[in-house]
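One file, work.cif, is given below (mmCIF, C-alpha atoms).
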data_final
loop_
_atom_site.label_atom_id
_atom_site.label_comp_id
_atom_site.auth_asym_id
_atom_site.auth_seq_id
_atom_site.Cartn_x
_atom_site.Cartn_y
_atom_site.Cartn_z
CA MET A 1 -16.64 -27.63 -7.57
CA ARG A 2 -13.02 -26.77 -6.90
CA ALA A 3 -10.98 -24.34 -8.91
CA THR A 4 -7.67 -22.55 -8.77
CA VAL A 5 -7.00 -19.06 -10.01
CA LEU A 6 -3.42 -18.05 -10.78
CA VAL A 7 -2.80 -14.32 -10.83
CA ARG A 8 0.48 -13.06 -12.28
CA PRO A 9 2.06 -9.66 -12.80
CA LYS A 10 1.75 -8.88 -16.50
CA GLN A 11 4.86 -8.94 -18.65
CA GLY A 12 6.72 -5.66 -18.48
CA ILE A 13 5.16 -4.67 -15.16
CA LEU A 14 7.75 -3.92 -12.50
CA ASP A 15 7.67 -6.64 -9.83
CA PRO A 16 9.90 -5.46 -6.98
CA GLN A 17 8.89 -8.45 -4.88
CA GLY A 18 10.09 -10.83 -7.60
CA ASP A 19 13.33 -8.87 -7.93
CA ALA A 20 13.95 -9.13 -4.18
CA VAL A 21 13.30 -12.88 -4.20
CA GLN A 22 15.60 -13.27 -7.19
CA GLY A 23 18.36 -11.40 -5.33
CA SER A 24 17.99 -13.68 -2.32
CA LEU A 25 18.02 -16.84 -4.46
CA ARG A 26 21.23 -15.65 -6.09
CA LYS A 27 22.72 -15.05 -2.64
CA LEU A 28 21.95 -18.69 -1.89
CA GLY A 29 24.00 -19.60 -4.94
CA PHE A 30 21.20 -20.36 -7.42
CA ASP A 31 21.74 -19.15 -10.95
CA VAL A 32 18.33 -17.49 -11.29
CA SER A 33 17.76 -14.93 -14.02
CA THR A 34 14.11 -13.98 -13.44
CA VAL A 35 11.58 -14.34 -10.63
CA ARG A 36 8.01 -13.09 -10.82
CA VAL A 37 5.77 -13.42 -7.78
CA GLY A 38 2.04 -13.90 -8.27
CA ARG A 39 -0.81 -15.30 -6.24
CA VAL A 40 -2.70 -18.60 -6.01
CA ILE A 41 -6.37 -18.49 -5.04
CA ASP A 42 -8.12 -21.79 -4.31
CA ILE A 43 -11.88 -21.57 -4.56
CA GLU A 44 -14.76 -23.94 -3.89
CA LEU A 45 -17.97 -22.86 -5.58
CA GLU A 46 -21.42 -24.08 -6.52
CA ALA A 47 -21.85 -24.62 -10.25
CA ASP A 48 -23.80 -26.99 -12.50
CA ASP A 49 -20.85 -27.82 -14.71
CA PRO A 50 -17.23 -26.79 -15.31
CA ALA A 51 -18.27 -24.32 -18.03
CA GLY A 52 -20.59 -22.51 -15.63
CA ALA A 53 -17.88 -22.49 -12.97
CA ARG A 54 -15.41 -21.07 -15.45
CA ALA A 55 -17.82 -18.30 -16.49
CA ALA A 56 -18.35 -17.30 -12.85
CA LEU A 57 -14.61 -17.39 -12.17
CA GLU A 58 -13.95 -15.17 -15.20
CA ARG A 59 -16.31 -12.59 -13.69
CA MET A 60 -14.69 -12.93 -10.25
CA CYS A 61 -11.31 -12.20 -11.83
CA ALA A 62 -12.60 -9.20 -13.74
CA ASP A 63 -14.45 -7.75 -10.74
CA LEU A 64 -12.02 -8.42 -7.92
CA LEU A 65 -9.39 -11.14 -8.03
CA ALA A 66 -7.12 -9.54 -10.64
CA ASN A 67 -6.59 -5.98 -11.77
CA PRO A 68 -6.38 -6.08 -15.57
CA LEU A 69 -4.09 -3.03 -15.59
CA ILE A 70 -1.21 -4.98 -14.12
CA GLU A 71 -2.22 -8.61 -13.74
CA SER A 72 -3.10 -11.55 -15.94
CA PHE A 73 -4.97 -14.59 -14.66
CA GLU A 74 -5.40 -18.24 -15.45
CA ILE A 75 -8.30 -20.40 -14.30
CA GLU A 76 -8.08 -24.14 -13.63
CA VAL A 77 -11.32 -25.96 -12.86
CA ASP A 78 -10.87 -29.41 -11.26
CA GLY A 79 -12.11 -32.18 -13.50
CA ALA A 80 -12.61 -29.90 -16.50
CA MET B 1 -27.76 23.64 11.22
CA SER B 2 -24.10 24.64 11.28
CA ASP B 3 -22.84 26.94 8.56
CA ARG B 4 -19.73 24.78 8.29
CA PRO B 5 -19.80 22.69 5.10
CA VAL B 6 -20.06 19.00 5.88
CA VAL B 7 -17.12 16.89 4.73
CA ALA B 8 -17.73 13.17 5.15
CA VAL B 9 -14.65 11.13 6.12
CA VAL B 10 -15.21 7.43 5.41
CA VAL B 11 -13.79 5.10 8.05
CA PHE B 12 -12.82 1.60 6.86
CA PRO B 13 -11.53 -1.18 9.11
CA GLY B 14 -7.82 -0.37 9.10
CA SER B 15 -8.13 3.35 8.36
CA ASN B 16 -5.76 5.21 10.67
CA ASP B 17 -5.72 8.81 9.43
CA ASP B 18 -9.46 9.36 9.63
CA ARG B 19 -9.27 11.37 12.86
CA ASP B 20 -6.29 13.41 11.66
CA ALA B 21 -8.20 14.20 8.46
CA ALA B 22 -11.31 15.16 10.44
CA TRP B 23 -9.26 17.37 12.75
CA ALA B 24 -7.45 19.10 9.87
CA LEU B 25 -10.70 19.63 7.94
CA GLY B 26 -12.22 21.15 11.09
CA ALA B 27 -9.23 23.49 11.35
CA MET B 28 -9.90 24.53 7.73
CA GLY B 29 -13.50 25.45 8.57
CA ALA B 30 -15.36 22.25 7.67
CA GLY B 31 -17.79 20.29 9.80
CA PRO B 32 -16.26 16.81 9.47
CA ALA B 33 -18.55 13.78 9.75
CA LEU B 34 -17.09 10.30 10.21
CA VAL B 35 -18.99 7.74 8.11
CA TRP B 36 -18.63 4.01 8.81
CA HIS B 37 -17.84 1.88 5.76
CA GLU B 38 -21.02 -0.15 6.20
CA ASP B 39 -23.24 2.95 6.04
CA PRO B 40 -25.10 2.82 2.72
CA GLU B 41 -25.66 6.60 2.66
CA LEU B 42 -23.62 9.73 3.25
CA PRO B 43 -25.00 12.46 5.55
CA GLU B 44 -27.72 14.33 3.64
CA ASP B 45 -25.92 17.68 3.54
CA THR B 46 -22.53 16.27 2.55
CA GLY B 47 -20.56 18.80 0.49
CA ALA B 48 -17.40 16.75 -0.03
CA VAL B 49 -15.94 13.33 0.81
CA VAL B 50 -12.48 12.39 2.06
CA LEU B 51 -11.20 8.82 1.90
CA PRO B 52 -8.45 8.80 4.52
CA GLY B 53 -5.12 7.03 4.75
CA GLY B 54 -4.49 3.72 6.44
CA PHE B 55 -4.48 0.04 5.59
CA SER B 56 -8.11 -0.80 4.90
CA TYR B 57 -8.74 -4.54 5.27
CA GLY B 58 -5.04 -5.04 5.95
CA ASP B 59 -4.26 -4.31 2.28
CA TYR B 60 -5.53 -7.83 1.51
CA LEU B 61 -5.51 -8.91 -2.15
CA ARG B 62 -4.46 -5.47 -3.47
CA THR B 63 -4.41 -2.19 -1.57
CA GLY B 64 -7.88 -0.66 -1.67
CA ALA B 65 -9.45 -3.60 -3.53
CA ILE B 66 -11.71 -4.85 -0.73
CA ALA B 67 -12.64 -1.36 0.50
CA SER B 68 -13.72 -0.40 -3.02
CA LEU B 69 -16.65 -2.84 -2.67
CA SER B 70 -17.95 -1.55 0.69
CA PRO B 71 -21.49 -0.09 0.95
CA ALA B 72 -20.15 3.38 1.75
CA MET B 73 -18.20 3.31 -1.52
CA ASP B 74 -21.45 2.81 -3.45
CA ALA B 75 -22.67 6.03 -1.84
CA VAL B 76 -19.36 7.75 -2.64
CA ARG B 77 -19.65 6.58 -6.25
CA ARG B 78 -23.15 8.10 -6.54
CA PHE B 79 -21.93 11.31 -4.89
CA ALA B 80 -18.99 11.54 -7.31
CA ASN B 81 -21.20 10.80 -10.32
CA ASP B 82 -23.41 13.72 -9.24
CA GLY B 83 -20.37 15.99 -9.36
CA GLY B 84 -19.57 15.94 -5.64
CA PRO B 85 -15.93 16.61 -4.74
CA VAL B 86 -14.04 13.55 -3.49
CA LEU B 87 -10.45 13.51 -2.23
CA GLY B 88 -8.58 10.26 -1.57
CA ILE B 89 -5.43 10.44 0.52
CA CYS B 90 -2.88 7.60 0.36
CA ASN B 91 -5.01 4.47 1.00
CA GLY B 92 -7.94 6.63 -0.10
CA PHE B 93 -6.13 7.18 -3.44
CA GLN B 94 -5.62 3.42 -3.72
CA ILE B 95 -9.33 2.84 -3.04
CA LEU B 96 -10.36 5.38 -5.71
CA CYS B 97 -8.13 3.65 -8.27
CA GLU B 98 -9.51 0.21 -7.39
CA SER B 99 -13.03 1.71 -7.62
CA ARG B 100 -12.09 2.93 -11.10
CA LEU B 101 -13.05 6.45 -10.13
CA LEU B 102 -9.44 7.41 -10.91
CA PRO B 103 -7.10 6.17 -13.64
CA GLY B 104 -4.12 3.94 -12.94
CA LEU B 105 -3.29 2.25 -9.68
CA LEU B 106 -0.69 2.15 -6.91
CA ARG B 107 2.02 -0.51 -6.89
CA PRO B 108 4.56 -1.49 -4.21
CA ASN B 109 7.39 1.05 -3.98
CA ARG B 110 10.19 0.06 -6.33
CA GLN B 111 12.73 0.00 -3.47
CA LEU B 112 10.37 -2.25 -1.44
CA GLU B 113 10.78 0.06 1.53
CA PHE B 114 8.16 1.94 3.46
CA VAL B 115 8.92 5.64 2.91
CA CYS B 116 8.04 8.09 5.67
CA ARG B 117 9.33 11.64 5.31
CA ASP B 118 8.55 15.13 4.07
CA VAL B 119 8.77 15.46 0.29
CA ARG B 120 8.46 18.33 -2.15
CA VAL B 121 5.61 18.08 -4.61
CA ARG B 122 5.04 20.41 -7.53
CA VAL B 123 1.59 21.68 -8.46
CA GLU B 124 1.31 20.81 -12.15
CA ASN B 125 -2.25 22.06 -12.51
CA ALA B 126 -3.57 24.84 -10.26
CA ASP B 127 -6.86 24.96 -12.13
CA THR B 128 -8.66 22.19 -10.24
CA LEU B 129 -11.13 22.21 -7.34
CA PHE B 130 -8.36 20.91 -5.12
CA THR B 131 -5.43 23.13 -6.10
CA ARG B 132 -7.00 26.49 -6.82
CA ARG B 133 -5.50 27.95 -3.64
CA CYS B 134 -2.06 27.07 -5.06
CA ALA B 135 -0.08 28.66 -7.89
CA ALA B 136 0.89 26.62 -10.96
CA GLY B 137 4.42 25.36 -10.43
CA GLN B 138 4.26 25.98 -6.68
CA GLU B 139 6.27 23.54 -4.58
CA LEU B 140 4.51 22.14 -1.52
CA VAL B 141 6.19 20.33 1.35
CA ILE B 142 3.94 17.49 2.49
CA PRO B 143 4.83 14.19 4.20
CA ILE B 144 4.42 10.81 2.57
CA LYS B 145 4.22 7.49 4.45
CA HIS B 146 3.51 4.49 2.32
CA GLY B 147 4.82 1.17 1.09
CA GLU B 148 2.66 1.02 -2.04
CA GLY B 149 2.72 4.43 -3.66
CA ALA B 150 4.24 3.85 -7.08
CA TRP B 151 1.48 5.08 -9.38
CA TYR B 152 1.23 3.17 -12.65
CA ALA B 153 -0.81 3.51 -15.83
CA ASP B 154 -0.15 2.28 -19.34
CA GLU B 155 1.80 4.63 -21.59
CA GLY B 156 -1.20 5.75 -23.66
CA THR B 157 -3.25 6.61 -20.57
CA PHE B 158 -0.32 8.47 -19.02
CA VAL B 159 0.26 10.62 -22.10
CA GLN B 160 -3.45 11.40 -22.35
CA LEU B 161 -3.71 12.34 -18.66
CA ALA B 162 -0.70 14.63 -18.88
CA ALA B 163 -2.12 16.34 -22.00
CA ARG B 164 -5.45 16.95 -20.24
CA GLY B 165 -3.87 18.35 -17.07
CA GLN B 166 -5.01 15.38 -14.99
CA ILE B 167 -1.55 14.92 -13.50
CA VAL B 168 -2.03 17.42 -10.68
CA LEU B 169 0.97 16.78 -8.44
CA ARG B 170 4.44 15.41 -9.12
CA TYR B 171 7.22 14.62 -6.68
CA GLY B 172 10.29 16.84 -6.94
CA GLU B 173 12.39 13.65 -7.06
CA ASP B 174 11.91 9.91 -7.60
CA VAL B 175 10.66 8.71 -4.21
CA ASN B 176 9.07 5.33 -5.00
CA GLY B 177 9.29 4.51 -8.71
CA SER B 178 6.03 6.29 -9.51
CA LEU B 179 5.56 6.68 -13.28
CA GLY B 180 6.49 10.25 -14.23
CA ASN B 181 6.98 10.97 -10.50
CA VAL B 182 3.20 11.27 -10.27
CA ALA B 183 2.01 12.08 -6.73
CA GLY B 184 -1.62 13.01 -7.46
CA VAL B 185 -4.16 12.73 -10.27
CA VAL B 186 -7.66 14.04 -10.91
CA ASN B 187 -10.47 12.42 -12.94
CA GLU B 188 -11.49 13.78 -16.32
CA VAL B 189 -14.47 15.72 -14.97
CA GLY B 190 -12.27 17.25 -12.27
CA ASN B 191 -14.24 16.41 -9.11
CA VAL B 192 -12.31 13.34 -7.89
CA MET B 193 -8.67 13.55 -6.87
CA GLY B 194 -6.24 11.16 -5.24
CA LEU B 195 -2.79 11.81 -3.86
CA MET B 196 -0.21 9.82 -1.90
CA PRO B 197 1.15 12.72 0.24
CA HIS B 198 -0.79 13.49 3.43
CA PRO B 199 -2.08 17.08 3.45
CA GLU B 200 -3.80 16.45 6.81
CA HIS B 201 -0.36 16.06 8.40
CA ALA B 202 0.78 19.45 7.06
CA VAL B 203 -1.67 22.04 8.34
CA ASP B 204 0.42 23.71 11.05
CA PRO B 205 3.86 25.35 10.65
CA LEU B 206 4.76 24.01 14.09
CA LEU B 207 4.85 20.52 12.55
CA GLY B 208 7.12 21.57 9.67
CA SER B 209 4.71 22.72 6.98
CA ALA B 210 1.24 24.11 6.55
CA ASP B 211 1.19 23.50 2.78
CA GLY B 212 -1.32 20.67 3.03
CA GLY B 213 -3.79 23.23 4.34
CA LEU B 214 -3.91 24.80 0.87
CA LEU B 215 -5.36 21.57 -0.59
CA LEU B 216 -7.77 20.90 2.28
CA ALA B 217 -8.99 24.51 2.44
CA ALA B 218 -9.72 24.33 -1.31
CA LEU B 219 -11.69 21.12 -0.68
CA VAL B 220 -13.70 22.89 2.03
CA ASP B 221 -14.39 25.74 -0.46
CA ALA B 222 -15.59 23.12 -2.95
CA ALA B 223 -17.72 21.45 -0.26
CA ALA B 224 -19.44 24.76 0.51
CA ALA B 225 -20.07 25.38 -3.19
CA HIS B 226 -21.39 21.84 -3.81
CA ALA B 227 -23.69 21.92 -0.75
CA PHE B 228 -25.03 25.27 -1.99
CA VAL B 229 -25.74 23.91 -5.49
CA ALA B 230 -27.25 20.68 -4.14
CA ALA B 231 -29.55 22.66 -1.81
#

Could you express the structure from this file as C-alpha cells?
Amino acid sequence: MRATVLVRPKQGILDPQGDAVQGSLRKLGFDVSTVRVGRVIDIELEADDPAGARAALERMCADLLANPLIESFEIEVDGA
Amino acid sequence: MSDRPVVAVVVFPGSNDDRDAAWALGAMGAGPALVWHEDPELPEDTGAVVLPGGFSYGDYLRTGAIASLSPAMDAVRRFANDGGPVLGICNGFQILCESRLLPGLLRPNRQLEFVCRDVRVRVENADTLFTRRCAAGQELVIPIKHGEGAWYADEGTFVQLAARGQIVLRYGEDVNGSLGNVAGVVNEVGNVMGLMPHPEHAVDPLLGSADGGLLLAALVDAAAAHAFVAA
C-alpha cells in the first residue's frame, strides 16, 4: 500500500526556512505574503486495508516522522 | 581498575566532538570510554554519560531524531532512569530532546546562519549536578557552533521550567532566537542536562577560556559519586 505523509510546521511556530524562501520569491517579483516549508514523506507499507495502514502511519508520525511540539501531520493513503 | 571515574562518550555516525569531549574529560580527571551507537550496553562501571556534538545521521529528518532510536540510547535511557548523570552537548542536547529525556527541542537558528564564536552564558541555577562548581549568576565564556540551536518549548512548559530552576544556562544576548535566550536545561529530577555551548572546547586558558572545565569537572564529580553509589 502506498501512502504520503505531509509534515508541516505548526501555526505560530517560527519557520526561518519559510521566511527565507518568501524573501527570495518576493525578490523574483512574486507578491507572496506567507511561505511555510514542510516535508513530504512517501511510504510503501504492508497492510491488510487502508484503515490498518492509517493506524500504522499514525504511530509512525507519533514515534518519529513528526515532532508534536512543533509539527502537525496529515496522512493520505492511496485508494482510501 | 583505575580510580578515575568512567565517563562514557557515545559515538554516533556523524559525531565529531567525541574525541574532544573524551580528551577534555580526561583532563578533568575522568577515564573516558568511547561507546559505539550500536552497543546495547554501557561499560559496567559507567559513572556518567556524555552525548557529544556533531551531526549524527547527517541531521536527517530532524536533528537528533534518528540517533534517539539507536541501541546505545536505550542503554542511556536506562542509565538516566536509574539516576545516572547524563550531559548532552550541542547535537547531544538535540538527541536528548528528541529522546524526550529533556523538555523542548532545538530549531534552526532564526537568522538561518551557522553561528561559531565564543559567547557569554549566565549560570541561572548553580544548584545542579552540572553547575555546582559555578556561582549563581556567574558568566561563563564558552564557544557555540551550531545551525540549529534555537531552543523552543510551549509557553506553559517554559514558565514551569523557569519556576523550577530547570533553565540552567542563558545566553548573555540573543544569539539564535532561542526562547528566553535559553542555552541549557536540566530535567526535573536533575540528572540529565543539555546545552548548546561546547564546554569541551573551553578547558584551557590558552584557547581563550577554561570556563567549560567548571561544567565538565562537576560532571566528573557526579560520575565518581554515582559510580560509588552504584557499587

Skipping near chain neighbours, those fewer than 3 positions away, what residues fall within 8 Å of Leu45 in chain A using all atoms listed in the file, listed as an MDAnalysis selection string?
chainID A and resid 1:3 53

For those residues, write C-alpha atoms to a file as a CSV table (one decimal), in the frame of the given file.
chain,number,residue,atom,x,y,z
A,1,MET,CA,-16.6,-27.6,-7.6
A,2,ARG,CA,-13.0,-26.8,-6.9
A,3,ALA,CA,-11.0,-24.3,-8.9
A,53,ALA,CA,-17.9,-22.5,-13.0

On this structure, which residues satisfy the PyMOL selection byres ((chain A and resi 22) around 8), written as a PyMOL selection string?
chain A and resi 18-21+23-26+32-35

Near Glu155 in chain B, counting all atoms listed in the file, which residues have an atom at most 12 Å away, once you skip same-chain residues fewer than 4 positions from it, shown as a ChimeraX atom specification?
/A:12-13,69 /B:104,159-162,179-180

Distance limit 12 Å, atoms considered: all atoms listed in the file. Which chain B residues sit that close to chain A? Return them as a PyMOL selection string.
chain B and resi 60-69+97-100+103-113+147-148+150-155+157+176-179

Selected residues written out with C-alpha atoms, as a short mmCIF file (atom, residue, chain, number, x, y, z; two decimals), keeping the file's coordinate frame:
data_model
loop_
_atom_site.label_atom_id
_atom_site.label_comp_id
_atom_site.auth_asym_id
_atom_site.auth_seq_id
_atom_site.Cartn_x
_atom_site.Cartn_y
_atom_site.Cartn_z
CA TYR B 60 -5.53 -7.83 1.51
CA LEU B 61 -5.51 -8.91 -2.15
CA ARG B 62 -4.46 -5.47 -3.47
CA THR B 63 -4.41 -2.19 -1.57
CA GLY B 64 -7.88 -0.66 -1.67
CA ALA B 65 -9.45 -3.60 -3.53
CA ILE B 66 -11.71 -4.85 -0.73
CA ALA B 67 -12.64 -1.36 0.50
CA SER B 68 -13.72 -0.40 -3.02
CA LEU B 69 -16.65 -2.84 -2.67
CA CYS B 97 -8.13 3.65 -8.27
CA GLU B 98 -9.51 0.21 -7.39
CA SER B 99 -13.03 1.71 -7.62
CA ARG B 100 -12.09 2.93 -11.10
CA PRO B 103 -7.10 6.17 -13.64
CA GLY B 104 -4.12 3.94 -12.94
CA LEU B 105 -3.29 2.25 -9.68
CA LEU B 106 -0.69 2.15 -6.91
CA ARG B 107 2.02 -0.51 -6.89
CA PRO B 108 4.56 -1.49 -4.21
CA ASN B 109 7.39 1.05 -3.98
CA ARG B 110 10.19 0.06 -6.33
CA GLN B 111 12.73 0.00 -3.47
CA LEU B 112 10.37 -2.25 -1.44
CA GLU B 113 10.78 0.06 1.53
CA GLY B 147 4.82 1.17 1.09
CA GLU B 148 2.66 1.02 -2.04
CA ALA B 150 4.24 3.85 -7.08
CA TRP B 151 1.48 5.08 -9.38
CA TYR B 152 1.23 3.17 -12.65
CA ALA B 153 -0.81 3.51 -15.83
CA ASP B 154 -0.15 2.28 -19.34
CA GLU B 155 1.80 4.63 -21.59
CA THR B 157 -3.25 6.61 -20.57
CA ASN B 176 9.07 5.33 -5.00
CA GLY B 177 9.29 4.51 -8.71
CA SER B 178 6.03 6.29 -9.51
CA LEU B 179 5.56 6.68 -13.28
#

Using the chain letters and numbers from this file, what does the PyMOL selection byres ((chain B and resi 8-12) around 10) select? Give the answer as a VMD selection string.
chain B and resid 5 to 7 13 to 19 21 to 22 25 30 to 39 42 to 43 45 to 57 67 70 72 to 73 76 86 to 88 92 223

One decimal, in Å: what's the spacing between CA of Glu173 in chain B and CA of Glu124 in chain B?
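Interatomic distance here is 14.1 Å.
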
Atom-to-atom span, CA of Glu41 in chain B and CA of Arg59 in chain A, Å
26.9 Å

Tell me, as a ChimeraX atom specification, which residues lie within 12 Å of Ala51 in chain A, counting all atoms listed in the file; anything in the same chain fewer than 5 positions away does not count.
/A:1,3,46,56-58,75-80

Given the file shown, enumerate the residues that the PyMOL selection byres ((chain A and resi 9) around 8) captures and present them as a ChimeraX atom specification.
/A:7-8,10-11,13,15,36-38,70-72

To one decimal place in Å, what is the distance between CA of Gly156 in chain B and CA of Thr131 in chain B?
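CA of Thr131 in chain B lies at a distance of 25.1 Å from CA of Gly156 in chain B.
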
Using only C-alpha atoms, which residue out of B:Met193, B:Ala230, B:Leu206, B:Leu140 lies closest to Asp118 in chain B?
B:Leu140
